[in-house]
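J.: The structure file my_file-v1.cif (mmCIF, C-alpha atoms and all ligand atoms) is provided below.
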```cif
data_upload
#
loop_
_atom_site.label_atom_id
_atom_site.label_comp_id
_atom_site.auth_asym_id
_atom_site.auth_seq_id
_atom_site.Cartn_x
_atom_site.Cartn_y
_atom_site.Cartn_z
CA MET A 1 -28.09 -16.41 10.03
CA GLU A 2 -26.51 -13.08 11.06
CA LYS A 3 -27.97 -10.01 9.30
CA VAL A 4 -25.74 -6.99 8.80
CA ASN A 5 -26.01 -3.71 6.99
CA ILE A 6 -22.46 -3.25 5.62
CA LEU A 7 -20.03 -6.17 5.41
CA ILE A 8 -16.37 -5.36 4.72
CA ILE A 9 -14.09 -8.23 3.72
CA GLY A 10 -10.52 -7.89 5.01
CA ALA A 11 -9.03 -6.14 8.05
CA GLY A 12 -5.99 -4.69 6.31
CA VAL A 13 -5.51 -0.93 6.39
CA ILE A 14 -8.05 -0.45 3.57
CA GLY A 15 -10.89 -2.42 5.19
CA LEU A 16 -10.19 -0.77 8.55
CA ALA A 17 -10.07 2.76 7.10
CA ILE A 18 -13.36 2.18 5.27
CA ALA A 19 -14.93 0.74 8.44
CA GLU A 20 -13.72 3.74 10.46
CA LYS A 21 -15.31 6.15 7.97
CA LEU A 22 -18.60 4.31 7.47
CA SER A 23 -19.17 3.41 11.12
CA LYS A 24 -19.35 7.12 11.94
CA THR A 25 -22.62 7.43 10.06
CA SER A 26 -23.97 3.90 9.45
CA GLU A 27 -25.14 1.28 11.88
CA ASP A 28 -24.13 -2.32 11.75
CA VAL A 29 -20.76 -2.10 10.00
CA VAL A 30 -18.93 -5.43 10.27
CA VAL A 31 -15.40 -6.27 9.09
CA VAL A 32 -14.65 -9.96 8.59
CA GLU A 33 -11.05 -11.13 8.55
CA LYS A 34 -9.72 -14.63 7.94
CA GLU A 35 -6.64 -14.21 10.17
CA LYS A 36 -6.51 -14.00 13.97
CA SER A 37 -5.76 -10.29 13.96
CA PHE A 38 -5.75 -7.21 11.71
CA GLY A 39 -3.04 -6.26 9.21
CA ARG A 40 -1.32 -9.64 8.93
CA HIS A 41 -0.58 -9.36 5.21
CA THR A 42 0.43 -6.47 2.93
CA SER A 43 -0.48 -3.77 5.45
CA SER A 44 2.28 -4.90 7.81
CA ARG A 45 4.76 -5.92 5.11
CA ASN A 46 5.62 -2.65 3.43
CA SER A 47 8.08 0.26 3.55
CA GLU A 48 5.99 2.23 6.09
CA VAL A 49 6.43 5.33 3.98
CA ILE A 50 3.90 8.14 3.64
CA HIS A 51 4.24 8.82 -0.07
CA SER A 52 3.80 12.26 -1.61
CA GLY A 53 2.17 11.50 -4.98
CA ILE A 54 4.96 12.18 -7.50
CA TYR A 55 4.95 8.81 -9.27
CA TYR A 56 1.43 8.53 -10.68
CA PRO A 57 0.00 9.97 -13.90
CA PRO A 58 -2.16 13.06 -13.24
CA GLY A 59 -5.89 12.39 -13.05
CA THR A 60 -5.53 8.78 -11.91
CA LEU A 61 -6.95 7.45 -8.65
CA LYS A 62 -3.42 6.66 -7.46
CA ALA A 63 -2.40 10.32 -7.90
CA ASP A 64 -5.55 11.91 -6.51
CA LEU A 65 -6.05 9.53 -3.59
CA CYS A 66 -2.38 9.64 -2.63
CA VAL A 67 -2.26 13.43 -2.50
CA ARG A 68 -5.57 13.65 -0.62
CA GLY A 69 -4.51 10.69 1.54
CA VAL A 70 -1.31 12.42 2.72
CA GLU A 71 -3.34 15.38 3.95
CA LEU A 72 -5.93 13.23 5.75
CA LEU A 73 -3.26 10.92 7.17
CA TYR A 74 -1.08 13.62 8.75
CA ASP A 75 -4.23 15.21 10.26
CA TYR A 76 -5.34 11.84 11.65
CA LEU A 77 -1.89 11.02 13.06
CA ASN A 78 -1.74 14.40 14.83
CA ALA A 79 -5.29 14.10 16.16
CA HIS A 80 -4.70 10.60 17.56
CA ASN A 81 -1.11 10.97 18.74
CA ILE A 82 0.28 8.28 16.46
CA ARG A 83 4.00 8.28 15.83
CA TYR A 84 5.33 9.51 12.50
CA ARG A 85 8.20 11.60 11.17
CA LYS A 86 7.91 13.91 8.19
CA CYS A 87 11.55 13.33 7.26
CA GLY A 88 11.30 14.07 3.55
CA LYS A 89 13.08 12.15 0.84
CA LEU A 90 15.61 12.55 -1.93
CA VAL A 91 15.11 10.87 -5.29
CA VAL A 92 18.63 10.54 -6.58
CA ALA A 93 19.93 10.73 -10.15
CA VAL A 94 23.42 9.31 -10.48
CA ASN A 95 24.14 10.58 -14.00
CA PRO A 96 22.84 13.17 -16.53
CA GLU A 97 20.54 10.60 -18.24
CA GLU A 98 18.76 9.97 -14.97
CA GLU A 99 18.32 13.72 -14.42
CA VAL A 100 15.74 13.67 -17.22
CA GLU A 101 13.70 11.25 -15.12
CA LEU A 102 13.96 13.53 -12.10
CA LEU A 103 12.54 16.42 -14.11
CA HIS A 104 9.74 14.18 -15.30
CA LEU A 105 8.90 13.23 -11.68
CA GLN A 106 9.04 16.85 -10.59
CA ASN A 107 6.70 17.83 -13.39
CA MET A 108 4.24 15.01 -12.67
CA GLY A 109 4.35 15.72 -8.92
CA ARG A 110 3.58 19.40 -9.49
CA LYS A 111 0.65 18.52 -11.76
CA ASN A 112 -0.63 16.22 -9.01
CA GLY A 113 -0.45 19.08 -6.50
CA VAL A 114 2.61 17.93 -4.52
CA LYS A 115 4.16 20.96 -2.83
CA GLY A 116 7.78 21.92 -2.20
CA LEU A 117 9.51 19.80 -4.88
CA THR A 118 13.02 21.16 -5.46
CA LEU A 119 15.87 20.03 -7.65
CA LEU A 120 19.23 19.92 -5.83
CA ASP A 121 22.72 19.74 -7.31
CA SER A 122 25.36 17.35 -5.97
CA SER A 123 26.82 19.80 -3.44
CA GLN A 124 23.40 20.74 -2.03
CA CYS A 125 22.68 17.04 -1.79
CA ALA A 126 26.00 16.36 -0.04
CA GLU A 127 25.21 19.05 2.52
CA LEU A 128 21.98 17.27 3.44
CA GLU A 129 23.24 13.68 3.17
CA PRO A 130 27.06 13.49 3.07
CA GLN A 131 27.11 9.69 2.63
CA ILE A 132 24.94 9.73 -0.51
CA LYS A 133 26.45 9.84 -4.01
CA ALA A 134 24.26 11.94 -6.29
CA PHE A 135 24.59 13.86 -9.53
CA LYS A 136 21.27 15.61 -8.84
CA ALA A 137 18.39 14.93 -6.47
CA LEU A 138 14.73 15.81 -6.20
CA SER A 139 13.85 16.85 -2.67
CA VAL A 140 10.33 15.79 -1.62
CA PRO A 141 9.57 17.35 1.76
CA SER A 142 6.08 15.89 2.34
CA THR A 143 7.30 12.27 2.48
CA GLY A 144 7.31 10.67 5.93
CA ILE A 145 7.51 7.45 7.89
CA ILE A 146 4.68 6.09 10.01
CA ASP A 147 4.00 3.64 12.81
CA THR A 148 1.81 1.41 10.61
CA HIS A 149 0.76 -0.88 13.46
CA GLY A 150 -0.17 2.09 15.66
CA PHE A 151 -2.27 3.57 12.87
CA MET A 152 -4.19 0.34 12.24
CA GLU A 153 -4.66 -0.22 15.97
CA SER A 154 -6.15 3.25 16.24
CA LEU A 155 -8.54 2.55 13.33
CA VAL A 156 -9.67 -0.65 15.09
CA HIS A 157 -10.28 1.34 18.27
CA GLN A 158 -12.32 3.98 16.39
CA VAL A 159 -14.45 1.36 14.61
CA GLU A 160 -15.28 -0.28 17.93
CA LYS A 161 -15.97 3.09 19.55
CA ASN A 162 -18.46 3.77 16.73
CA ASP A 163 -20.18 0.43 17.52
CA GLY A 164 -18.76 -1.30 14.45
CA PHE A 165 -17.44 -4.87 14.71
CA ILE A 166 -14.27 -6.60 13.55
CA VAL A 167 -14.50 -10.36 13.61
CA TYR A 168 -11.45 -12.58 13.16
CA ASP A 169 -11.07 -16.19 12.04
CA MET A 170 -13.82 -15.56 9.51
CA GLU A 171 -12.73 -16.63 6.03
CA VAL A 172 -15.24 -15.85 3.30
CA THR A 173 -15.62 -18.96 1.16
CA ALA A 174 -18.92 -18.28 -0.66
CA LEU A 175 -20.80 -15.23 -1.86
CA LYS A 176 -24.17 -15.11 -3.57
CA LYS A 177 -26.55 -12.35 -4.60
CA ILE A 178 -30.09 -13.25 -3.56
CA GLY A 179 -32.65 -10.58 -4.50
CA ASN A 180 -31.21 -7.26 -3.34
CA LYS A 181 -29.09 -8.84 -0.58
CA TYR A 182 -25.84 -10.80 -0.41
CA ARG A 183 -25.43 -14.13 1.33
CA ILE A 184 -21.91 -14.74 2.61
CA GLY A 185 -20.64 -18.16 3.70
CA PHE A 186 -17.60 -18.70 5.93
CA SER A 187 -15.16 -21.59 6.34
CA ASN A 188 -16.43 -22.14 9.91
CA GLY A 189 -19.94 -22.79 8.57
CA GLU A 190 -21.47 -19.44 9.59
CA ILE A 191 -23.67 -17.54 7.15
CA PHE A 192 -24.25 -13.76 7.06
CA GLU A 193 -26.69 -11.71 5.01
CA ALA A 194 -25.66 -8.17 4.06
CA ASP A 195 -27.25 -5.21 2.26
CA LEU A 196 -23.91 -3.96 1.02
CA VAL A 197 -20.58 -5.75 0.56
CA ILE A 198 -17.16 -4.11 0.29
CA ASN A 199 -14.37 -6.29 -1.05
CA SER A 200 -11.05 -5.13 0.39
CA ALA A 201 -9.42 -8.56 0.53
CA GLY A 202 -6.00 -7.39 -0.71
CA LEU A 203 -4.13 -10.22 -2.45
CA PHE A 204 -7.38 -12.20 -2.70
CA ALA A 205 -9.69 -9.40 -3.87
CA ASP A 206 -9.95 -10.91 -7.38
CA LYS A 207 -10.95 -14.28 -5.87
CA ILE A 208 -13.71 -12.59 -3.83
CA ALA A 209 -14.98 -10.83 -6.98
CA GLU A 210 -15.02 -14.21 -8.76
CA MET A 211 -16.94 -15.77 -5.86
CA VAL A 212 -19.86 -13.40 -6.37
CA GLY A 213 -19.85 -14.14 -10.12
CA ILE A 214 -17.68 -11.46 -11.72
CA ASP A 215 -15.56 -12.72 -14.60
CA THR A 216 -12.17 -11.24 -13.69
CA GLU A 217 -10.56 -12.58 -16.87
CA LYS A 218 -13.09 -10.81 -19.08
CA HIS A 219 -12.91 -7.55 -17.10
CA ASP A 220 -9.10 -7.68 -16.82
CA LEU A 221 -9.25 -7.77 -13.03
CA LYS A 222 -6.99 -10.71 -12.29
CA LEU A 223 -4.31 -9.99 -9.73
CA HIS A 224 -0.63 -10.72 -10.30
CA TRP A 225 1.42 -11.09 -7.14
CA CYS A 226 4.71 -9.26 -7.11
CA LYS A 227 7.09 -9.94 -4.25
CA GLY A 228 9.27 -7.30 -2.60
CA GLU A 229 12.13 -8.29 -0.28
CA TYR A 230 14.08 -6.14 2.16
CA PHE A 231 17.65 -6.34 3.47
CA LYS A 232 18.82 -4.33 6.47
CA SER A 233 22.12 -2.91 7.68
CA SER A 234 23.13 -1.76 11.14
CA LYS A 235 26.32 -0.32 9.61
CA VAL A 236 24.48 2.56 7.90
CA LYS A 237 23.83 5.32 10.40
CA ASN A 238 23.02 9.03 10.49
CA ILE A 239 20.88 9.16 7.37
CA ASN A 240 18.08 11.66 7.85
CA LYS A 241 16.02 11.40 4.70
CA LEU A 242 14.70 8.47 2.72
CA ILE A 243 16.82 7.87 -0.38
CA TYR A 244 15.15 6.64 -3.56
CA PRO A 245 16.65 5.76 -6.93
CA ILE A 246 14.88 6.49 -10.22
CA PRO A 247 11.81 4.20 -10.35
CA ASP A 248 11.52 1.36 -12.86
CA LYS A 249 8.43 0.11 -14.67
CA ILE A 250 7.04 -2.04 -11.84
CA SER A 251 8.45 -0.56 -8.65
CA LEU A 252 10.00 2.49 -7.00
CA GLY A 253 13.41 0.80 -6.97
CA ILE A 254 15.54 -0.44 -4.07
CA HIS A 255 15.43 2.52 -1.73
CA LEU A 256 16.94 3.26 1.63
CA SER A 257 14.36 3.79 4.32
CA ILE A 258 14.71 4.46 7.99
CA ASN A 259 12.17 3.43 10.58
CA LEU A 260 11.06 5.46 13.57
CA ALA A 261 13.82 3.90 15.68
CA GLY A 262 16.38 5.19 13.15
CA ASN A 263 17.26 1.73 11.77
CA CYS A 264 18.04 1.50 8.11
CA ARG A 265 16.84 -0.98 5.53
CA PHE A 266 16.87 -1.37 1.77
CA GLY A 267 14.22 -2.58 -0.61
CA PRO A 268 11.89 -3.74 -1.84
CA ASN A 269 12.98 -5.48 -5.03
CA ALA A 270 10.18 -6.64 -7.35
CA TYR A 271 9.49 -9.96 -9.05
CA TYR A 272 6.30 -11.79 -9.90
CA VAL A 273 5.41 -14.94 -7.91
CA ASP A 274 2.65 -17.55 -7.87
CA GLU A 275 2.77 -18.53 -4.21
CA LEU A 276 2.05 -16.71 -0.98
CA ASP A 277 5.49 -17.37 0.46
CA TYR A 278 7.04 -14.78 2.76
CA SER A 279 10.53 -16.28 2.82
CA ILE A 280 13.51 -14.30 1.49
CA ASN A 281 16.00 -15.44 -1.10
CA GLU A 282 19.52 -14.63 0.11
CA ALA A 283 20.81 -15.04 -3.44
CA HIS A 284 19.23 -11.65 -4.22
CA LYS A 285 21.80 -9.91 -1.99
CA LYS A 286 24.16 -9.27 -4.94
CA ASP A 287 21.42 -7.48 -6.90
CA PHE A 288 20.66 -5.41 -3.83
CA LEU A 289 24.29 -4.40 -3.47
CA ASN A 290 24.51 -3.41 -7.14
CA SER A 291 21.50 -1.13 -6.75
CA ILE A 292 22.55 0.30 -3.39
CA ASN A 293 26.16 0.96 -4.42
CA LYS A 294 24.99 3.36 -7.11
CA TYR A 295 24.05 5.84 -4.38
CA LEU A 296 25.82 4.57 -1.22
CA ASP A 297 29.04 2.69 -0.51
CA LEU A 298 28.26 -0.46 1.45
CA GLU A 299 30.04 -3.81 1.68
CA GLU A 300 28.23 -7.10 1.26
CA LYS A 301 29.12 -8.27 4.80
CA TYR A 302 27.03 -5.43 6.25
CA LEU A 303 23.79 -6.45 4.53
CA GLU A 304 21.39 -8.90 6.24
CA MET A 305 18.07 -10.40 5.17
CA ASP A 306 15.07 -8.67 6.68
CA ASP A 307 11.46 -9.09 5.61
CA CYS A 308 9.22 -9.09 2.55
CA GLY A 309 5.74 -8.28 1.29
CA ILE A 310 3.68 -9.12 -1.78
CA ARG A 311 2.04 -6.52 -4.00
CA PRO A 312 -1.47 -7.20 -5.37
CA LYS A 313 -0.88 -5.88 -8.89
CA LEU A 314 -3.33 -5.52 -11.75
CA GLN A 315 -0.29 -4.73 -13.89
CA LYS A 316 0.93 -7.85 -15.63
CA PRO A 317 4.66 -8.40 -16.26
CA ASN A 318 5.77 -5.96 -19.03
CA GLU A 319 2.50 -4.04 -18.91
CA ASN A 320 2.40 -0.30 -18.32
CA PHE A 321 0.84 1.58 -15.42
CA ARG A 322 -2.43 0.25 -13.99
CA ASP A 323 -4.58 2.29 -11.65
CA PHE A 324 -6.42 1.22 -8.47
CA TYR A 325 -9.76 -0.37 -9.33
CA ILE A 326 -12.45 0.96 -6.94
CA LYS A 327 -15.97 0.51 -8.21
CA GLU A 328 -19.61 -0.19 -7.32
CA GLU A 329 -20.57 -3.06 -9.61
CA SER A 330 -24.22 -2.31 -10.57
CA ASP A 331 -23.27 -2.34 -14.26
CA LYS A 332 -22.10 -5.93 -13.89
CA GLY A 333 -25.37 -6.88 -12.16
CA TYR A 334 -24.09 -6.50 -8.59
CA HIS A 335 -25.79 -3.49 -7.04
CA ASN A 336 -24.29 -2.50 -3.66
CA PHE A 337 -21.16 -4.58 -4.21
CA ILE A 338 -17.96 -2.53 -4.14
CA ASN A 339 -14.68 -3.95 -5.37
CA LEU A 340 -11.25 -2.61 -4.40
CA ILE A 341 -8.74 -4.50 -6.54
CA GLY A 342 -5.05 -3.81 -7.16
CA ILE A 343 -4.57 -1.67 -4.04
CA GLU A 344 -0.80 -1.74 -4.12
CA SER A 345 1.45 1.21 -3.24
CA PRO A 346 0.51 3.99 -2.38
CA GLY A 347 -2.44 2.18 -0.77
CA PHE A 348 -1.32 2.67 2.82
CA THR A 349 -0.81 6.41 2.31
CA ALA A 350 -4.09 6.71 0.43
CA SER A 351 -6.14 4.60 2.88
CA LEU A 352 -8.16 7.44 4.45
CA ALA A 353 -8.78 9.02 1.04
CA ILE A 354 -9.87 5.63 -0.34
CA ALA A 355 -12.33 5.38 2.57
CA GLU A 356 -13.64 8.86 1.76
CA TYR A 357 -13.99 7.90 -1.93
CA VAL A 358 -15.91 4.71 -1.05
CA SER A 359 -18.24 6.60 1.28
CA LYS A 360 -19.03 9.01 -1.60
CA ILE A 361 -19.81 6.05 -3.90
CA ILE A 362 -22.30 4.76 -1.34
CA ASN A 363 -24.03 8.07 -0.58
C1 LIG B 401 6.69 -4.47 -0.47
C2 LIG B 401 5.61 -3.44 -0.33
C3 LIG B 401 5.93 -2.12 0.03
C4 LIG B 401 4.94 -1.16 0.15
N1 LIG B 401 5.28 0.08 0.61
C5 LIG B 401 4.30 1.02 0.80
C6 LIG B 401 4.63 2.29 1.35
O1 LIG B 401 5.75 2.53 1.75
N2 LIG B 401 3.63 3.20 1.43
C7 LIG B 401 2.37 2.96 1.02
O2 LIG B 401 1.53 3.85 1.07
N3 LIG B 401 2.02 1.73 0.54
C8 LIG B 401 2.95 0.76 0.45
N4 LIG B 401 2.62 -0.49 -0.01
C9 LIG B 401 1.23 -0.76 -0.34
C10 LIG B 401 0.37 -0.98 0.89
O3 LIG B 401 1.04 -1.79 1.84
C11 LIG B 401 -0.95 -1.65 0.45
O4 LIG B 401 -1.54 -0.83 -0.54
C12 LIG B 401 -1.94 -1.78 1.58
O5 LIG B 401 -1.35 -2.33 2.73
C13 LIG B 401 -3.09 -2.68 1.11
O6 LIG B 401 -3.96 -2.88 2.18
P1 LIG B 401 -5.18 -3.87 2.02
O7 LIG B 401 -6.02 -3.68 3.24
O8 LIG B 401 -5.83 -3.67 0.70
O9 LIG B 401 -4.54 -5.34 1.95
P2 LIG B 401 -4.08 -6.32 3.11
O10 LIG B 401 -3.29 -5.65 4.14
O11 LIG B 401 -3.47 -7.50 2.44
O12 LIG B 401 -5.45 -6.75 3.78
C14 LIG B 401 -6.38 -7.61 3.15
C15 LIG B 401 -6.98 -8.49 4.22
O13 LIG B 401 -8.00 -9.31 3.65
C16 LIG B 401 -7.98 -10.56 4.32
N5 LIG B 401 -8.64 -11.55 3.48
C17 LIG B 401 -8.25 -12.01 2.27
N6 LIG B 401 -9.10 -12.94 1.81
C18 LIG B 401 -10.08 -13.08 2.76
C19 LIG B 401 -11.23 -13.89 2.87
N7 LIG B 401 -11.57 -14.80 1.92
N8 LIG B 401 -12.03 -13.77 3.97
C20 LIG B 401 -11.69 -12.88 4.96
N9 LIG B 401 -10.59 -12.09 4.91
C21 LIG B 401 -9.79 -12.18 3.83
C22 LIG B 401 -6.48 -10.82 4.48
O14 LIG B 401 -6.23 -11.79 5.47
C23 LIG B 401 -5.94 -9.44 4.82
O15 LIG B 401 -5.86 -9.23 6.22
C24 LIG B 401 3.58 -1.48 -0.13
C25 LIG B 401 3.26 -2.80 -0.48
C26 LIG B 401 4.26 -3.78 -0.57
C27 LIG B 401 3.90 -5.19 -0.90
#
```
Is it possible to give me this structure as structure tokens?

T.:
Amino acid sequence: MEKVNILIIGAGVIGLAIAEKLSKTSEDVVVVEKEKSFGRHTSSRNSEVIHSGIYYPPGTLKADLCVRGVELLYDYLNAHNIRYRKCGKLVVAVNPEEEVELLHLQNMGRKNGVKGLTLLDSSQCAELEPQIKAFKALSVPSTGIIDTHGFMESLVHQVEKNDGFIVYDMEVTALKKIGNKYRIGFSNGEIFEADLVINSAGLFADKIAEMVGIDTEKHDLKLHWCKGEYFKSSKVKNINKLIYPIPDKISLGIHLSINLAGNCRFGPNAYYVDELDYSINEAHKKDFLNSINKYLDLEEKYLEMDDCGIRPKLQKPNENFRDFYIKEESDKGYHNFINLIGIESPGFTASLAIAEYVSKIIN
């Protein structure tokens, strides 16, 4: 039986960021990942946007960790020469009713400490992005795009440099508290014993919590998977900023993002699913066009299927905002067991701040 000090479940961006932080000061930090490499699920199936923090109610973890995360992330990217572009974004209102929502976002963003938020009229907007149709727009200068793979690769490198380990093909299938330690069983028959366990298993984080004995139904910690598909277009060129519509109750809306190569894509949409299926439904193209054509003229023939991701949401269909759940579970009888559940957007942006938060819980 392998004995480790800190065992982190999941090598997505959250597990890797926590491992990078903890391996600086603790010995024997081990990340176990069921896939053959890091970041095979949500961390490589997202919009690759560095969010600013305008969407989340003040005082929530999502707001605080996003705003802190942006700061830590840009510093890290500069220090490690990882590609990014602080391109900024425009949240677009297409009529006077939607302007009210823009003002609400501006107000919430300011309360959260987001700097530089400015309201633009249609002509100011047209000067910046001539192809975009807007009645008003909120300019968010701190938003950026990031090389997500490069960032995770760098975290892996740092963990290994700090003598931490990342082991692949290691699916956790059993978890038991024995005295003040945890015994962890894997599908390949191996068994580890750990002093401290961190559950950052993304879409399966509720299942891991259940494995140790936490009643996720009772504590309202069941995850609901919410799929987000993307369509791309090589027809749309020369857009400099990310373009977002007014958000809806469960997502930020079908936005236009550009990647570091300058290619443009639209999405994600949002609908709840029961299966882990990363295929895309072409029938959703019409809905995409309807959303896109509110702020940009584009014909159906120029839209192609791209990719998709699945959000691990605590928010049930028709429920209101739910925050990240990040907690040491002593009060449930699981001392030194830390759960991270519902780490949906802005989880990538917040990853380094989440790692900082977890390290404070431990120390
Ligand atoms: C469509 C979409 C768009 C998004 N856009 C953005 C964005 O633009 N900006 C932003 O900041 N955030 C965005 N997000 C959110 C962001 O991608 C996530 O918050 C973040 O990637 C979550 O990382 P994670 O490490 O928690 O999960 P994951 O990346 O899913 O990692 C969890 C890991 O745990 C492993 N695992 C699971 N079960 C086990 C087990 N039993 N044993 C061992 N390993 C296990 C999995 O294989 C996986 O590798 C988006 C999300 C989606 C779905």

J.: Can you work out the spacing between CA of Tyr55 (chain A) and atom C8 of ligand LIG 401 (chain B) in Å, to one decimal?

T.: 12.8 Å

J.: Point out the residue among A:Lys294, A:Lys218, A:His41, A:His284 with the least atom-to-atom distance to ligand LIG 401 (chain B), counting only C-alpha atoms and all ligand atoms.

T.: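 Of A:Lys294, A:Lys218, A:His41, A:His284, the one nearest ligand LIG 401 (chain B), counting only C-alpha atoms and all ligand atoms, is A:His41.
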
J.: Please give me, as a ChimeraX atom specification, the residues lying within 7 Å of ligand LIG 401 (chain B) when counting all atoms listed in the file.

T.: /A:9-15,32-35,38-51,170-173,200-205,208,227-229,268,308-311,343-350

J.: Tell me, as a count of residues only, which residues lie within 12 Å of Ile326 (chain A), counting only C-alpha atoms; anything in the same chain fewer than 6 positions away does not count.

T.: 28

J.: For CA of Leu155 (chain A) and CA of Leu22 (chain A), quote the distance in Å rounded to one decimal.

T.: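 These two atoms are separated by 11.8 Å.
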
J.: Just want the 7 Å neighbourhood of region 298-306 of chain A, counted on all atoms listed in the file, with same-chain residues fewer than 6 positions away dropped. Output as a list in words.

T.: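 Returned residues: Tyr230, Phe231, Lys232, Ser233, Lys235, Glu282 and Leu289 of chain A.
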
J.: May I have the residues within 10 Å of region 124-128 of chain A as JSON, numbers by chain, using all atoms listed in the file and disregarding those fewer than 5 positions away in the same chain?

T.: {"A": [90, 92, 119, 133, 134, 135, 136, 137, 138, 139, 239, 240, 241]}

J.: Restrict the selected residues to C-alpha atoms and save them as a JSON list (two decimals), in the frame of the given file.

T.:
```json
[["chain", "number", "residue", "atom", "x", "y", "z"],
["A", 90, "LEU", "CA", 15.61, 12.55, -1.93],
["A", 92, "VAL", "CA", 18.63, 10.54, -6.58],
["A", 119, "LEU", "CA", 15.87, 20.03, -7.65],
["A", 133, "LYS", "CA", 26.45, 9.84, -4.01],
["A", 134, "ALA", "CA", 24.26, 11.94, -6.29],
["A", 135, "PHE", "CA", 24.59, 13.86, -9.53],
["A", 136, "LYS", "CA", 21.27, 15.61, -8.84],
["A", 137, "ALA", "CA", 18.39, 14.93, -6.47],
["A", 138, "LEU", "CA", 14.73, 15.81, -6.20],
["A", 139, "SER", "CA", 13.85, 16.85, -2.67],
["A", 239, "ILE", "CA", 20.88, 9.16, 7.37],
["A", 240, "ASN", "CA", 18.08, 11.66, 7.85],
["A", 241, "LYS", "CA", 16.02, 11.40, 4.70]]
```

J.: Give me, please, the distance in Å between CA of Thr118 (chain A) and CA of Leu252 (chain A), quoted to one decimal.

T.: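 Separating CA of Thr118 (chain A) from CA of Leu252 (chain A) is a distance of 19.0 Å.
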
J.: So which one's closest to Ile292 (chain A), A:Tyr244, A:Tyr334, A:Tyr56, A:Tyr74? Using all atoms listed in the file, please.

T.: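 Under the stated criterion, the closest residue is A:Tyr244.
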
J.: Pick from A:Ile250, A:Ile280, A:Met1, A:Leu352: nearest to Phe321 (chain A), with all atoms listed in the file counted?

T.: A:Ile250

J.: List as a list in words the protein and nucleic acid residues near Asp147 (chain A), meaning an atom at most 8 Å away when all atoms listed in the file are counted, but skip any in the same chain fewer than 6 places from it.

T.: Glu48, Ile82, Arg83, Tyr84 and Leu260 of chain A

J.: With distances taken over all atoms listed in the file, which of A:Val91, A:Pro96, A:Glu101, A:Glu210 is nearest to Lys222 (chain A)?

T.: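 Closest to Lys222 (chain A), using all atoms listed in the file: A:Glu210.
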
J.: When distances are computed from all atoms listed in the file, which of A:Met152, A:Ser26, A:Lys115, A:Asp206 shows the smallest separation from Ser351 (chain A)?

T.: A:Met152

J.: Between A:Ile184, A:Val31, A:Ala209, A:Ala194, which has the minimum distance to Tyr168 (chain A) (counting only C-alpha atoms)?

T.: A:Val31

J.: Which centre and edge lengths in Å to one decimal define the box along x, y and z that fits every listed atom of region 212-219 of chain A plus 6 Å per side, as JSON?

T.:
```
{"center_x": -15.2, "center_y": -10.8, "center_z": -12.7, "size_x": 21.3, "size_y": 18.6, "size_z": 24.7}
```

J.: List as JSON, numbers by chain: which residues have an atom within 10 Å of (-20.3, -4.6, 7.2), counting only C-alpha atoms?

T.: {"A": [3, 4, 5, 6, 7, 8, 9, 15, 18, 19, 22, 23, 26, 27, 28, 29, 30, 31, 32, 164, 165, 166, 192, 193, 194, 195, 196, 197, 198]}

J.: Can you tell me which residues surround Val156 (chain A) at a distance of at most 8 Å, considering all atoms listed in the file, apart from same-chain residues fewer than 2 positions away, and format the answer as a PDB file with C-alpha atoms, keeping the file's coordinate frame?

T.:
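Result file is part_33.pdb:
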```
ATOM      1  CA  LEU A  16     -10.190  -0.770   8.550  1.00  0.00           C
ATOM      2  CA  GLU A  20     -13.720   3.740  10.460  1.00  0.00           C
ATOM      3  CA  MET A 152      -4.190   0.340  12.240  1.00  0.00           C
ATOM      4  CA  GLU A 153      -4.660  -0.220  15.970  1.00  0.00           C
ATOM      5  CA  SER A 154      -6.150   3.250  16.240  1.00  0.00           C
ATOM      6  CA  GLN A 158     -12.320   3.980  16.390  1.00  0.00           C
ATOM      7  CA  VAL A 159     -14.450   1.360  14.610  1.00  0.00           C
ATOM      8  CA  GLU A 160     -15.280  -0.280  17.930  1.00  0.00           C
ATOM      9  CA  ILE A 166     -14.270  -6.600  13.550  1.00  0.00           C
TER      10      ILE A 166
END
```
